[in-house]
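*Asks:* Sharing query23.txt, compact mmCIF, C-alpha atoms:
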```txt
# COMPACT_ATOMS: atom_id res chain seq x y z
CA MET A 1 52.63 10.94 77.24
CA SER A 2 49.50 9.20 78.42
CA SER A 3 48.25 6.09 80.11
CA SER A 4 44.86 4.67 80.83
CA SER A 5 43.16 2.45 83.34
CA SER A 6 39.79 1.51 84.70
CA SER A 7 38.96 0.78 88.30
CA GLU A 8 36.24 -0.18 90.70
CA THR A 9 33.58 2.52 90.90
CA HIS A 10 31.51 3.08 94.00
CA VAL A 11 28.26 5.03 93.66
CA PHE A 12 27.18 6.73 96.88
CA SER A 13 23.48 6.12 97.33
CA ASP A 14 21.06 8.62 98.89
CA GLY A 15 20.76 6.91 102.28
CA GLU A 16 24.44 6.02 102.61
CA TRP A 17 26.65 7.17 105.49
CA VAL A 18 30.34 7.97 105.19
CA SER A 19 32.91 7.93 108.00
CA VAL A 20 34.34 11.27 109.07
CA THR A 21 37.82 9.93 108.24
CA GLN A 22 36.74 9.39 104.67
CA VAL A 23 35.10 12.82 104.51
CA CYS A 24 38.28 14.48 105.77
CA ARG A 25 40.45 12.56 103.28
CA ALA A 26 38.13 13.33 100.39
CA THR A 27 37.84 17.04 101.15
CA GLN A 28 41.34 17.64 102.59
CA ILE A 29 40.15 19.12 105.84
CA ASP A 30 40.62 18.50 109.52
CA VAL A 31 38.00 16.86 111.77
CA ALA A 32 37.84 20.15 113.69
CA VAL A 33 36.40 21.84 110.59
CA VAL A 34 33.72 19.14 110.28
CA VAL A 35 32.87 19.72 113.95
CA GLU A 36 32.58 23.45 113.28
CA LEU A 37 30.33 22.88 110.25
CA ALA A 38 28.20 20.49 112.33
CA ASP A 39 27.89 23.10 115.11
CA LEU A 40 26.72 25.54 112.47
CA GLY A 41 24.11 23.04 111.30
CA LEU A 42 25.53 22.69 107.78
CA VAL A 43 26.10 18.94 108.20
CA SER A 44 24.24 16.42 110.32
CA PRO A 45 26.60 13.73 111.61
CA ARG A 46 25.57 10.72 113.69
CA GLY A 47 27.70 9.07 116.36
CA THR A 48 29.08 10.07 119.74
CA VAL A 49 32.68 11.25 119.39
CA PRO A 50 33.73 13.28 116.32
CA ASP A 51 36.47 10.76 115.39
CA GLU A 52 33.77 8.11 114.99
CA TRP A 53 31.17 10.27 113.33
CA GLN A 54 29.38 9.35 110.14
CA LEU A 55 27.93 11.84 107.66
CA PRO A 56 25.25 11.40 105.01
CA ALA A 57 27.04 10.85 101.68
CA ARG A 58 24.95 13.57 100.05
CA GLU A 59 26.57 16.11 102.42
CA LEU A 60 30.03 15.41 100.94
CA ALA A 61 29.49 18.10 98.33
CA ARG A 62 28.53 20.63 101.04
CA VAL A 63 31.65 19.92 103.06
CA ARG A 64 33.80 20.11 99.95
CA THR A 65 32.37 23.44 98.84
CA ALA A 66 32.65 24.89 102.34
CA ALA A 67 36.25 23.65 102.61
CA ARG A 68 37.16 25.19 99.26
CA LEU A 69 35.59 28.54 100.15
CA MET A 70 37.43 28.62 103.48
CA ARG A 71 40.74 27.74 101.84
CA ASP A 72 40.48 29.86 98.71
CA LEU A 73 38.63 32.93 99.94
CA GLY A 74 39.81 33.09 103.54
CA VAL A 75 36.27 33.06 104.96
CA ASN A 76 35.58 31.42 108.31
CA GLY A 77 33.20 28.54 109.03
CA SER A 78 30.14 30.74 109.50
CA GLY A 79 30.83 32.60 106.26
CA ALA A 80 31.36 29.37 104.32
CA ALA A 81 28.20 27.77 105.75
CA LEU A 82 26.19 30.87 104.89
CA ALA A 83 27.59 30.90 101.34
CA VAL A 84 26.86 27.18 100.83
CA GLU A 85 23.26 27.63 101.96
CA LEU A 86 22.77 30.68 99.75
CA LEU A 87 24.33 28.87 96.79
CA GLU A 88 21.93 25.97 97.28
CA ALA A 89 18.99 28.37 97.54
CA ARG A 90 20.15 30.12 94.37
CA ARG A 91 20.39 26.82 92.49
CA GLU A 92 16.88 25.90 93.58
CA LEU A 93 15.47 29.27 92.51
CA GLU A 94 17.22 29.02 89.16
CA ALA A 95 15.64 25.61 88.57
CA ARG A 96 12.20 26.96 89.46
CA LEU A 97 12.75 29.98 87.26
CA ARG A 98 13.62 27.70 84.33
CA VAL A 99 10.31 25.84 84.83
CA LEU A 100 8.35 29.08 84.91
CA GLU A 101 10.10 30.51 81.87
CA ARG A 102 9.45 27.35 79.93
CA TYR A 103 5.83 27.37 81.00
CA MET A 104 5.40 31.02 80.00
CA ARG A 105 6.99 30.37 76.61
CA ALA A 106 4.72 27.38 75.96
CA GLY A 107 1.64 29.40 76.93
CA VAL A 108 2.51 32.31 74.69
CA GLY A 109 3.32 29.96 71.84
CA PRO A 110 6.29 29.94 69.49
CA GLY A 111 7.75 33.26 68.37
CA MET B 1 56.75 27.31 77.18
CA GLU B 2 55.20 30.73 77.54
CA TYR B 3 56.16 33.34 80.11
CA ARG B 4 53.34 34.40 82.45
CA ASP B 5 53.07 37.92 83.78
CA TYR B 6 51.63 37.35 87.25
CA TYR B 7 51.38 41.08 87.98
CA LYS B 8 49.26 41.55 84.87
CA THR B 9 47.05 38.60 85.88
CA LEU B 10 46.23 40.35 89.15
CA GLY B 11 46.17 43.79 87.48
CA ILE B 12 48.75 45.31 89.84
CA GLU B 13 52.06 47.20 89.62
CA ARG B 14 55.32 45.32 90.04
CA ALA B 15 55.95 47.44 93.11
CA ALA B 16 52.67 46.41 94.78
CA SER B 17 52.88 45.74 98.51
CA ALA B 18 52.17 42.32 100.04
CA ASP B 19 49.02 43.78 101.55
CA GLU B 20 47.81 45.08 98.22
CA ILE B 21 48.49 41.71 96.55
CA LYS B 22 46.44 39.94 99.19
CA LYS B 23 43.57 42.39 98.84
CA VAL B 24 43.45 42.10 95.05
CA TYR B 25 43.70 38.31 95.25
CA ARG B 26 40.79 38.10 97.71
CA ARG B 27 38.66 40.26 95.44
CA LEU B 28 39.47 38.34 92.25
CA ALA B 29 39.19 34.94 93.98
CA ARG B 30 35.69 35.81 95.12
CA LYS B 31 34.76 37.07 91.67
CA TYR B 32 35.99 33.96 89.84
CA HIS B 33 35.62 31.18 92.42
CA PRO B 34 34.09 28.26 90.50
CA ASP B 35 31.68 27.45 93.34
CA VAL B 36 30.27 30.96 93.36
CA SER B 37 30.94 32.70 90.06
CA LYS B 38 28.61 33.16 87.12
CA GLU B 39 31.38 34.65 84.98
CA PRO B 40 32.22 32.82 81.74
CA ASN B 41 35.54 30.89 82.05
CA ALA B 42 35.41 31.41 85.81
CA GLU B 43 37.32 28.23 86.52
CA GLU B 44 40.15 29.06 84.13
CA LYS B 45 40.39 32.64 85.39
CA PHE B 46 40.38 31.44 88.99
CA LYS B 47 43.28 29.06 88.33
CA GLU B 48 45.32 31.86 86.74
CA VAL B 49 44.66 34.15 89.70
CA GLN B 50 45.54 31.41 92.18
CA GLU B 51 48.75 30.57 90.34
CA ALA B 52 49.80 34.22 90.33
CA TYR B 53 49.02 34.56 94.04
CA GLU B 54 50.83 31.33 94.91
CA VAL B 55 54.03 32.98 93.64
CA LEU B 56 53.54 36.62 94.59
CA LYS B 57 52.38 36.02 98.17
CA ASP B 58 55.63 34.24 99.03
CA PRO B 59 58.46 36.81 99.36
CA GLU B 60 61.10 34.28 98.27
CA LYS B 61 59.22 33.02 95.26
CA ARG B 62 58.30 36.57 94.32
CA ALA B 63 61.93 37.69 94.50
CA ALA B 64 63.01 34.72 92.36
CA TYR B 65 60.23 35.42 89.87
CA ASP B 66 61.15 39.13 89.73
CA GLN B 67 64.72 38.12 88.85
CA LEU B 68 63.47 36.69 85.55
CA GLY B 69 63.30 40.26 84.40
CA PRO B 70 60.73 42.99 84.12
CA GLY B 71 61.18 43.05 80.34
CA MET B 72 59.30 39.78 79.76
CA GLN B 73 55.86 39.83 78.20
CA SER B 74 53.01 37.37 78.76
CA GLY B 75 53.06 34.70 76.08
CA GLN B 76 56.74 35.28 75.24
CA GLU B 77 58.78 32.10 74.63
CA PHE B 78 60.58 31.22 77.84
CA ARG B 79 63.13 28.73 79.23
CA PRO B 80 64.11 28.67 82.90
CA PRO B 81 67.73 29.83 83.29
CA PRO B 82 70.14 26.97 84.17
CA ASP B 83 71.09 28.54 87.49
CA TRP B 84 67.44 29.20 88.33
CA ALA B 85 66.79 29.96 91.97
CA SER B 86 70.30 28.88 93.02
CA GLY B 87 70.62 31.71 95.49
CA PHE B 88 67.32 31.01 97.19
CA GLU B 89 66.69 28.87 100.19
CA PHE B 90 63.63 27.16 98.78
CA ARG B 91 65.88 25.05 96.55
CA GLY B 92 65.82 21.50 97.93
CA ARG B 93 63.32 22.36 100.61
CA PRO B 94 60.34 20.02 100.81
CA ARG B 95 57.63 21.57 98.74
CA ARG B 96 54.76 22.96 100.72
CA ARG B 97 51.74 21.12 99.43
CA SER B 98 49.24 23.62 98.19
CA SER B 99 45.54 23.23 97.47
CA PRO B 100 45.15 19.65 96.21
CA GLU B 101 42.62 20.41 93.51
CA THR B 102 44.76 23.04 91.86
CA ASP B 103 48.10 21.33 92.41
CA ALA B 104 48.36 19.66 89.04
CA GLN B 105 46.42 22.35 87.24
CA PHE B 106 48.90 25.20 87.24
CA SER B 107 50.69 26.06 84.02
CA ASP B 108 53.87 24.44 82.70
CA PHE B 109 55.51 27.80 83.35
CA PHE B 110 54.64 27.52 87.04
CA SER B 111 55.67 23.88 87.43
CA SER B 112 59.00 24.41 85.68
CA LEU B 113 59.87 27.16 88.17
CA PHE B 114 58.11 26.25 91.39
CA GLY B 115 56.75 22.75 90.86
CA GLU B 116 58.43 19.43 91.47
CA ARG B 117 60.50 19.84 88.31
CA GLY B 118 61.85 23.16 89.51
CA GLY B 119 63.63 24.09 92.71
CA PHE B 120 60.89 22.72 94.95
CA ALA B 121 61.52 18.97 94.68
CA GLU B 122 60.36 16.90 97.62
CA ALA B 123 62.97 15.67 100.05
CA GLU B 124 64.34 12.16 99.49
CA GLY B 125 63.02 9.32 101.59
CA PHE B 126 59.75 11.04 102.39
CA THR B 127 56.86 8.61 102.01
CA HIS B 128 53.18 9.35 102.05
CA SER B 129 49.90 8.02 100.76
CA GLY B 130 48.42 9.75 97.76
CA ARG B 131 45.71 12.28 98.39
CA ASP B 132 42.15 11.97 97.19
CA HIS B 133 41.32 14.00 94.13
CA HIS B 134 38.04 15.46 93.05
CA ALA B 135 36.54 16.29 89.69
CA ARG B 136 33.21 17.47 88.42
CA VAL B 137 31.63 15.62 85.50
CA ASP B 138 28.84 17.17 83.43
CA ILE B 139 26.53 14.75 81.67
CA ASP B 140 23.33 15.02 79.66
CA LEU B 141 20.02 13.85 81.06
CA GLU B 142 19.87 11.12 78.41
CA GLU B 143 23.18 9.74 79.71
CA ALA B 144 21.87 9.80 83.28
CA TYR B 145 18.82 7.84 82.10
CA ARG B 146 20.63 5.20 80.07
CA GLY B 147 23.98 5.10 81.87
CA GLY B 148 27.18 4.73 79.88
CA THR B 149 30.93 4.97 80.00
CA ARG B 150 33.09 8.08 79.96
CA MET B 151 36.78 8.52 79.37
CA LEU B 152 38.12 11.19 81.71
CA GLU B 153 41.42 12.90 81.06
CA LEU B 154 43.36 13.75 84.18
CA ARG B 155 46.75 15.38 84.50
CA ARG B 156 48.96 13.99 87.18
CA PRO B 157 52.64 14.25 88.07
CA GLN B 158 54.77 11.18 87.29
CA GLN B 159 58.44 10.47 87.87
CA LYS B 160 60.53 9.77 84.77
CA SER B 161 63.52 7.38 84.66
CA ASP B 162 65.98 10.28 85.05
CA GLY B 163 64.26 11.30 88.28
CA THR B 164 62.52 14.40 86.95
CA ILE B 165 58.79 14.81 87.31
CA GLU B 166 56.47 15.57 84.44
CA LEU B 167 52.74 16.00 84.09
CA VAL B 168 51.22 13.13 82.14
CA THR B 169 47.72 12.80 80.83
CA HIS B 170 46.04 9.83 82.38
CA GLN B 171 42.82 8.41 81.04
CA VAL B 172 40.31 6.83 83.37
CA LYS B 173 37.31 4.92 82.16
CA VAL B 174 34.25 5.61 84.28
CA ALA B 175 31.09 3.51 84.19
CA ILE B 176 28.13 5.79 84.80
CA PRO B 177 25.23 3.74 86.17
CA ALA B 178 21.74 4.33 84.77
CA GLY B 179 19.66 6.55 87.05
CA ILE B 180 22.44 8.71 88.46
CA THR B 181 21.04 11.91 89.97
CA ASP B 182 22.28 15.49 89.94
CA GLY B 183 25.01 16.01 92.54
CA GLN B 184 25.54 12.29 93.17
CA GLN B 185 29.06 11.23 94.14
CA LEU B 186 31.17 8.43 92.69
CA ARG B 187 34.42 7.12 94.13
CA LEU B 188 37.07 5.47 91.96
CA ALA B 189 39.40 3.52 94.19
CA GLY B 190 43.10 4.22 93.68
CA GLN B 191 42.60 6.79 90.91
CA GLY B 192 43.61 9.83 92.96
CA GLU B 193 47.15 11.04 93.55
CA PRO B 194 49.75 8.27 93.24
CA GLY B 195 51.31 7.42 96.60
CA HIS B 196 54.95 8.06 97.39
CA GLY B 197 55.75 4.68 98.95
CA GLY B 198 52.14 4.53 100.19
CA GLN B 199 48.64 3.84 98.93
CA PRO B 200 47.33 5.90 96.01
CA GLY B 201 44.43 8.23 96.80
CA ASP B 202 40.89 7.85 95.49
CA LEU B 203 39.19 9.92 92.84
CA TYR B 204 35.83 11.44 93.73
CA LEU B 205 33.53 12.45 90.93
CA GLU B 206 30.60 14.76 91.42
CA MET B 207 28.04 14.21 88.69
CA HIS B 208 26.16 17.18 87.32
CA ILE B 209 23.28 16.84 84.90
CA ARG B 210 23.06 19.66 82.38
CA PRO B 211 19.75 21.49 82.11
CA HIS B 212 17.66 19.86 79.38
CA GLU B 213 15.61 21.85 76.88
CA LEU B 214 12.55 19.66 77.33
CA TYR B 215 12.76 18.02 80.76
CA GLN B 216 13.05 19.73 84.11
CA LEU B 217 14.73 17.46 86.65
CA ASP B 218 13.93 17.22 90.35
CA GLY B 219 15.67 14.27 92.00
CA ARG B 220 14.55 11.38 89.84
CA ASP B 221 11.32 13.07 88.68
CA VAL B 222 11.09 14.95 85.42
CA THR B 223 8.56 17.58 84.37
CA VAL B 224 7.60 18.43 80.81
CA THR B 225 5.48 21.40 79.82
CA LEU B 226 2.81 20.03 77.50
CA PRO B 227 1.13 22.58 75.22
CA ILE B 228 -2.46 21.65 74.39
CA ALA B 229 -5.27 23.27 72.39
CA PRO B 230 -8.33 24.69 74.24
CA TRP B 231 -10.60 21.95 72.85
CA GLU B 232 -8.17 19.23 74.01
CA ALA B 233 -8.31 20.70 77.52
CA ALA B 234 -12.09 21.05 77.42
CA LEU B 235 -13.06 17.78 75.76
CA GLY B 236 -10.14 15.53 76.71
CA ALA B 237 -7.78 13.92 74.20
CA SER B 238 -5.46 11.03 73.62
CA LEU B 239 -1.95 12.37 72.90
CA THR B 240 1.54 11.11 72.16
CA VAL B 241 3.92 12.61 74.74
CA PRO B 242 7.71 12.42 75.05
CA THR B 243 9.34 10.42 77.84
CA LEU B 244 13.02 9.65 78.47
CA GLY B 245 12.38 6.11 77.26
CA GLY B 246 10.58 7.22 74.08
CA PRO B 247 7.11 8.51 73.15
CA VAL B 248 4.06 7.06 74.93
CA GLN B 249 0.29 7.51 74.53
CA MET B 250 -1.60 9.20 77.31
CA ARG B 251 -5.12 10.44 77.97
CA ILE B 252 -5.83 14.06 78.86
CA PRO B 253 -9.02 14.13 80.95
CA GLU B 254 -11.83 16.45 79.93
CA GLN B 255 -12.15 19.76 81.82
CA SER B 256 -8.36 19.95 82.25
CA ARG B 257 -6.95 23.27 83.37
CA ALA B 258 -3.83 25.23 82.52
CA GLY B 259 -1.03 24.50 84.99
CA GLN B 260 -2.52 21.14 85.99
CA LYS B 261 0.04 18.34 86.41
CA LEU B 262 -0.57 14.82 85.14
CA ARG B 263 1.65 11.99 86.30
CA LEU B 264 3.19 9.16 84.31
CA ARG B 265 4.32 6.78 87.01
CA GLY B 266 7.86 5.38 86.75
CA ARG B 267 8.78 7.34 83.61
CA GLY B 268 11.47 9.44 85.32
CA LEU B 269 15.07 8.38 85.99
CA PRO B 270 15.46 4.68 86.83
CA GLY B 271 16.10 3.74 90.46
CA GLU B 272 14.56 2.09 93.50
CA PRO B 273 11.91 3.43 93.22
CA PRO B 274 12.15 5.02 89.77
CA GLY B 275 11.10 8.64 89.34
CA ASP B 276 7.91 9.82 87.69
CA GLU B 277 7.25 12.08 84.75
CA TYR B 278 4.92 15.02 85.25
CA LEU B 279 3.20 16.76 82.37
CA GLN B 280 2.29 20.32 83.15
CA LEU B 281 -0.52 21.46 80.89
CA SER B 282 -0.21 24.75 79.10
CA ILE B 283 -3.19 25.82 77.02
CA VAL B 284 -2.20 27.54 73.79
CA LEU B 285 -4.73 29.73 72.00
CA PRO B 286 -5.03 29.42 68.24
CA PRO B 287 -4.23 32.80 66.64
CA ALA B 288 -7.17 34.79 65.27
CA ASP B 289 -5.29 35.46 62.06
CA SER B 290 -7.86 34.57 59.42
CA PRO B 291 -11.52 35.60 58.80
CA LYS B 292 -12.58 32.04 59.61
CA ALA B 293 -10.70 31.96 62.94
CA ARG B 294 -12.07 35.37 63.85
CA ALA B 295 -15.57 34.16 63.08
CA PHE B 296 -15.07 31.23 65.48
CA TYR B 297 -13.99 33.55 68.29
CA GLU B 298 -16.96 35.83 67.58
CA GLN B 299 -19.26 32.85 67.83
CA MET B 300 -17.70 31.79 71.17
CA ARG B 301 -18.16 35.28 72.55
CA ARG B 302 -21.82 35.22 71.59
CA GLU B 303 -22.65 31.68 72.66
CA LEU B 304 -20.41 30.87 75.67
CA PRO B 305 -21.48 32.54 78.93
CA PHE B 306 -17.94 32.97 80.27
CA ASP B 307 -16.45 35.65 82.50
CA PRO B 308 -12.70 35.08 83.10
CA ARG B 309 -12.74 37.94 85.63
CA ALA B 310 -15.59 36.60 87.73
CA ASN B 311 -13.25 36.32 90.75
CA LEU B 312 -11.89 39.84 90.59
CA GLY B 313 -14.96 41.09 92.46
CA SER B 314 -15.44 44.43 90.67
```
In structure tokens, write the structure found in this file.
*Replies:*
Amino acid sequence: MSSSSSSETHVFSDGEWVSVTQVCRATQIDVAVVVELADLGLVSPRGTVPDEWQLPARELARVRTAARLMRDLGVNGSGAALAVELLEARRELEARLRVLERYMRAGVGPG
Amino acid sequence: MEYRDYYKTLGIERAASADEIKKVYRRLARKYHPDVSKEPNAEEKFKEVQEAYEVLKDPEKRAAYDQLGPGMQSGQEFRPPPDWASGFEFRGRPRRRSSPETDAQFSDFFSSLFGERGGFAEAEGFTHSGRDHHARVDIDLEEAYRGGTRMLELRRPQQKSDGTIELVTHQVKVAIPAGITDGQQLRLAGQGEPGHGGQPGDLYLEMHIRPHELYQLDGRDVTVTLPIAPWEAALGASLTVPTLGGPVQMRIPEQSRAGQKLRLRGRGLPGEPPGDEYLQLSIVLPPADSPKARAFYEQMRRELPFDPRANLGS
């Protein structure tokens, strides 16, 4: 059985801010966890009280990954924040390594 | 449907203690977690491990599962017995809502026994808004450049006319705007979990751009390694180079060096402002594989005063 539909799509732009309520809904976590991640420096909210905070939209993925690691692996906030930062560093290194490998291959020539 | 041996999934004995089960789960979850793992099929393996743990960590569910019989083999044809779980308290109890992203992804075997079709139906009269769902979408760089539409297949629970719940495949058409970047988020209003007397949740999509064999992506900028001949580097040249929008002519200045980056403004991913394309020069030596080529190299050695190791200071 299947059905189909289309709906309004919102694209989060780089400079966009998202309310903490929306972040919590989207990542299935409690505001307290966002506060913990902010204390750890993993996310950089603006606003005075946590319930009215806003977060940069590009940090949604960080919160989501941290939330998943905490839920699935039983790590605490510090552990999740550390893992997220290391994962990001790994991704960056892999991208740089791909550039270098490509450059080396081109220099050596085919074969 | 096929029987699933949850003990085998975790690689433990049927007599394993709760503590042992937890330890093994933690180890396997870390090994296969899709956010962390480099293992092939990590996501699939992780789901299997999670499903097994979801049952075996709960003493009641484990006892009910064990009742199905130790003689069953993974993959064996299986139907839930008609009096399934009748002696257990979880029958009719509101289902504890587990991890939202894996909820609808467990096997038919799991949902027939422990899902909403099994003994874990939600209590009547309970209303709630649907939760937000999340999915990762992998696209090619070309698609990110041009934009396009994608049909996504999602599995979600739906109530049939006789009151039972089944998983149906739901297709959602997604318009991918031109110039989407790696890791960018999209929200599709109302395409998450259907509400139960409340609003449906939203669907969040995280876009991932696959590594491209030619272009290296950094934000909206792309870098291409451009192999050139020594005389093109030395004397300059007019070359045809690839860009996402198609080949363009460009001038290599004379006295160019290996590793040097030349910029083609605005030839990266579209946006405000659009990204640039960088061409990183790589000088390729012609092979000295014929008498004529060797003669050329001999002549260069004689006539070009050149010491590549001048900076080594020996």
*Asks:* Kindly extract all protein, DNA and RNA residues lying within 12 Å of the coordinates (20.2, 6.6, 84.4) given in the file, considering all atoms listed in the file, and supply them as a count of residues only.
*Replies:* 35
*Asks:* Just the number, please: distance in Å from atom CA of Ala15 of chain B to atom CA of Ala52 of chain B, one decimal.
*Replies:* 14.8 Å
*Asks:* Distance atom CA of Lys45 of chain B-atom CA of Thr169 of chain B, one decimal place?
*Replies:*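 Going from atom CA of Lys45 of chain B over to atom CA of Thr169 of chain B covers 21.6 Å.
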*Asks:* Go ahead and compute the interatomic distance for atom CA of Arg26 of chain B and atom CA of Ala26 of chain A, in Å to one decimal.
*Replies:* 25.1 Å
*Asks:* Hey, which of B:Ala63, B:Arg131, B:Arg263, B:Asp58 ends up closest to Gln28 of chain A? Count all atoms listed in the file.
*Replies:*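 Result for the nearest residue to Gln28 of chain A: B:Arg131.
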*Asks:* Within 8 Å of segment 10-16 of chain A, counting all atoms listed in the file, which residues show up once you throw out same-chain ones fewer than 6 positions away? Write them as a PDB file with C-alpha atoms, in the coordinates of the input, please.
*Replies:*
```pdb
ATOM      1  CA  PRO A  56      25.250  11.400 105.010  1.00  0.00           C
ATOM      2  CA  ALA A  57      27.040  10.850 101.680  1.00  0.00           C
ATOM      3  CA  ARG A  58      24.950  13.570 100.050  1.00  0.00           C
TER       4      ARG A  58
ATOM      5  CA  GLN B 184      25.540  12.290  93.170  1.00  0.00           C
ATOM      6  CA  GLN B 185      29.060  11.230  94.140  1.00  0.00           C
ATOM      7  CA  LEU B 186      31.170   8.430  92.690  1.00  0.00           C
ATOM      8  CA  ARG B 187      34.420   7.120  94.130  1.00  0.00           C
ATOM      9  CA  LEU B 188      37.070   5.470  91.960  1.00  0.00           C
ATOM     10  CA  ALA B 189      39.400   3.520  94.190  1.00  0.00           C
TER      11      ALA B 189
END
```
*Asks:* Within 8 Å of chain A, which residues of chain B show up when using only C-alpha atoms, listed as JSON, numbers by chain?
*Replies:* {"B": [26, 29, 30, 35, 36, 99, 100, 131, 132, 133, 134, 168, 169, 170, 171, 172, 173, 174, 175, 183, 184, 185, 186, 187, 188, 189, 190, 191, 202, 204, 206, 216, 225, 226, 227, 282, 283, 284]}
*Asks:* I'd like to know which of B:Ile252, B:Val137, B:Lys31, B:Pro305 is closest to Leu239 of chain B, using all atoms listed in the file.
*Replies:*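 Closest to Leu239 of chain B, using all atoms listed in the file: B:Ile252.
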*Asks:* When you look at Ala32 of chain A with a cut-off of 12 Å (counting all atoms listed in the file), what residues show up, excluding the ones that are within fewer than 3 positions of it in the same chain? I need them as a list of chain:residue names.
*Replies:*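 Near neighbours after the sequence-gap exclusion: A:Val20, A:Thr21, A:Cys24, A:Gln28, A:Ile29, A:Val35, A:Glu36, A:Leu37, A:Ala38, A:Asp39, A:Val49, A:Pro50, A:Asp51, A:Trp53, A:Ala67, A:Gly77.
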*Asks:* Using all atoms listed in the file, which protein or nucleic acid residues come within 8 Å of Pro194 of chain B? Drop anything in the same chain fewer than 6 positions from it, and give the result as a list in words.
*Replies:* Ser129, Gly130, Arg131, Pro200 and Gly201 of chain B
*Asks:* Emit the selected residues as an mmCIF file, keeping the file's coordinate frame, including C-alpha atoms.
*Replies:*
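Output below, filename result_38.cif:
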```cif
data_model
loop_
_atom_site.group_PDB
_atom_site.id
_atom_site.type_symbol
_atom_site.label_atom_id
_atom_site.label_comp_id
_atom_site.auth_asym_id
_atom_site.auth_seq_id
_atom_site.Cartn_x
_atom_site.Cartn_y
_atom_site.Cartn_z
ATOM 1 C CA SER B 129 49.900 8.020 100.760
ATOM 2 C CA GLY B 130 48.420 9.750 97.760
ATOM 3 C CA ARG B 131 45.710 12.280 98.390
ATOM 4 C CA PRO B 200 47.330 5.900 96.010
ATOM 5 C CA GLY B 201 44.430 8.230 96.800
#
```
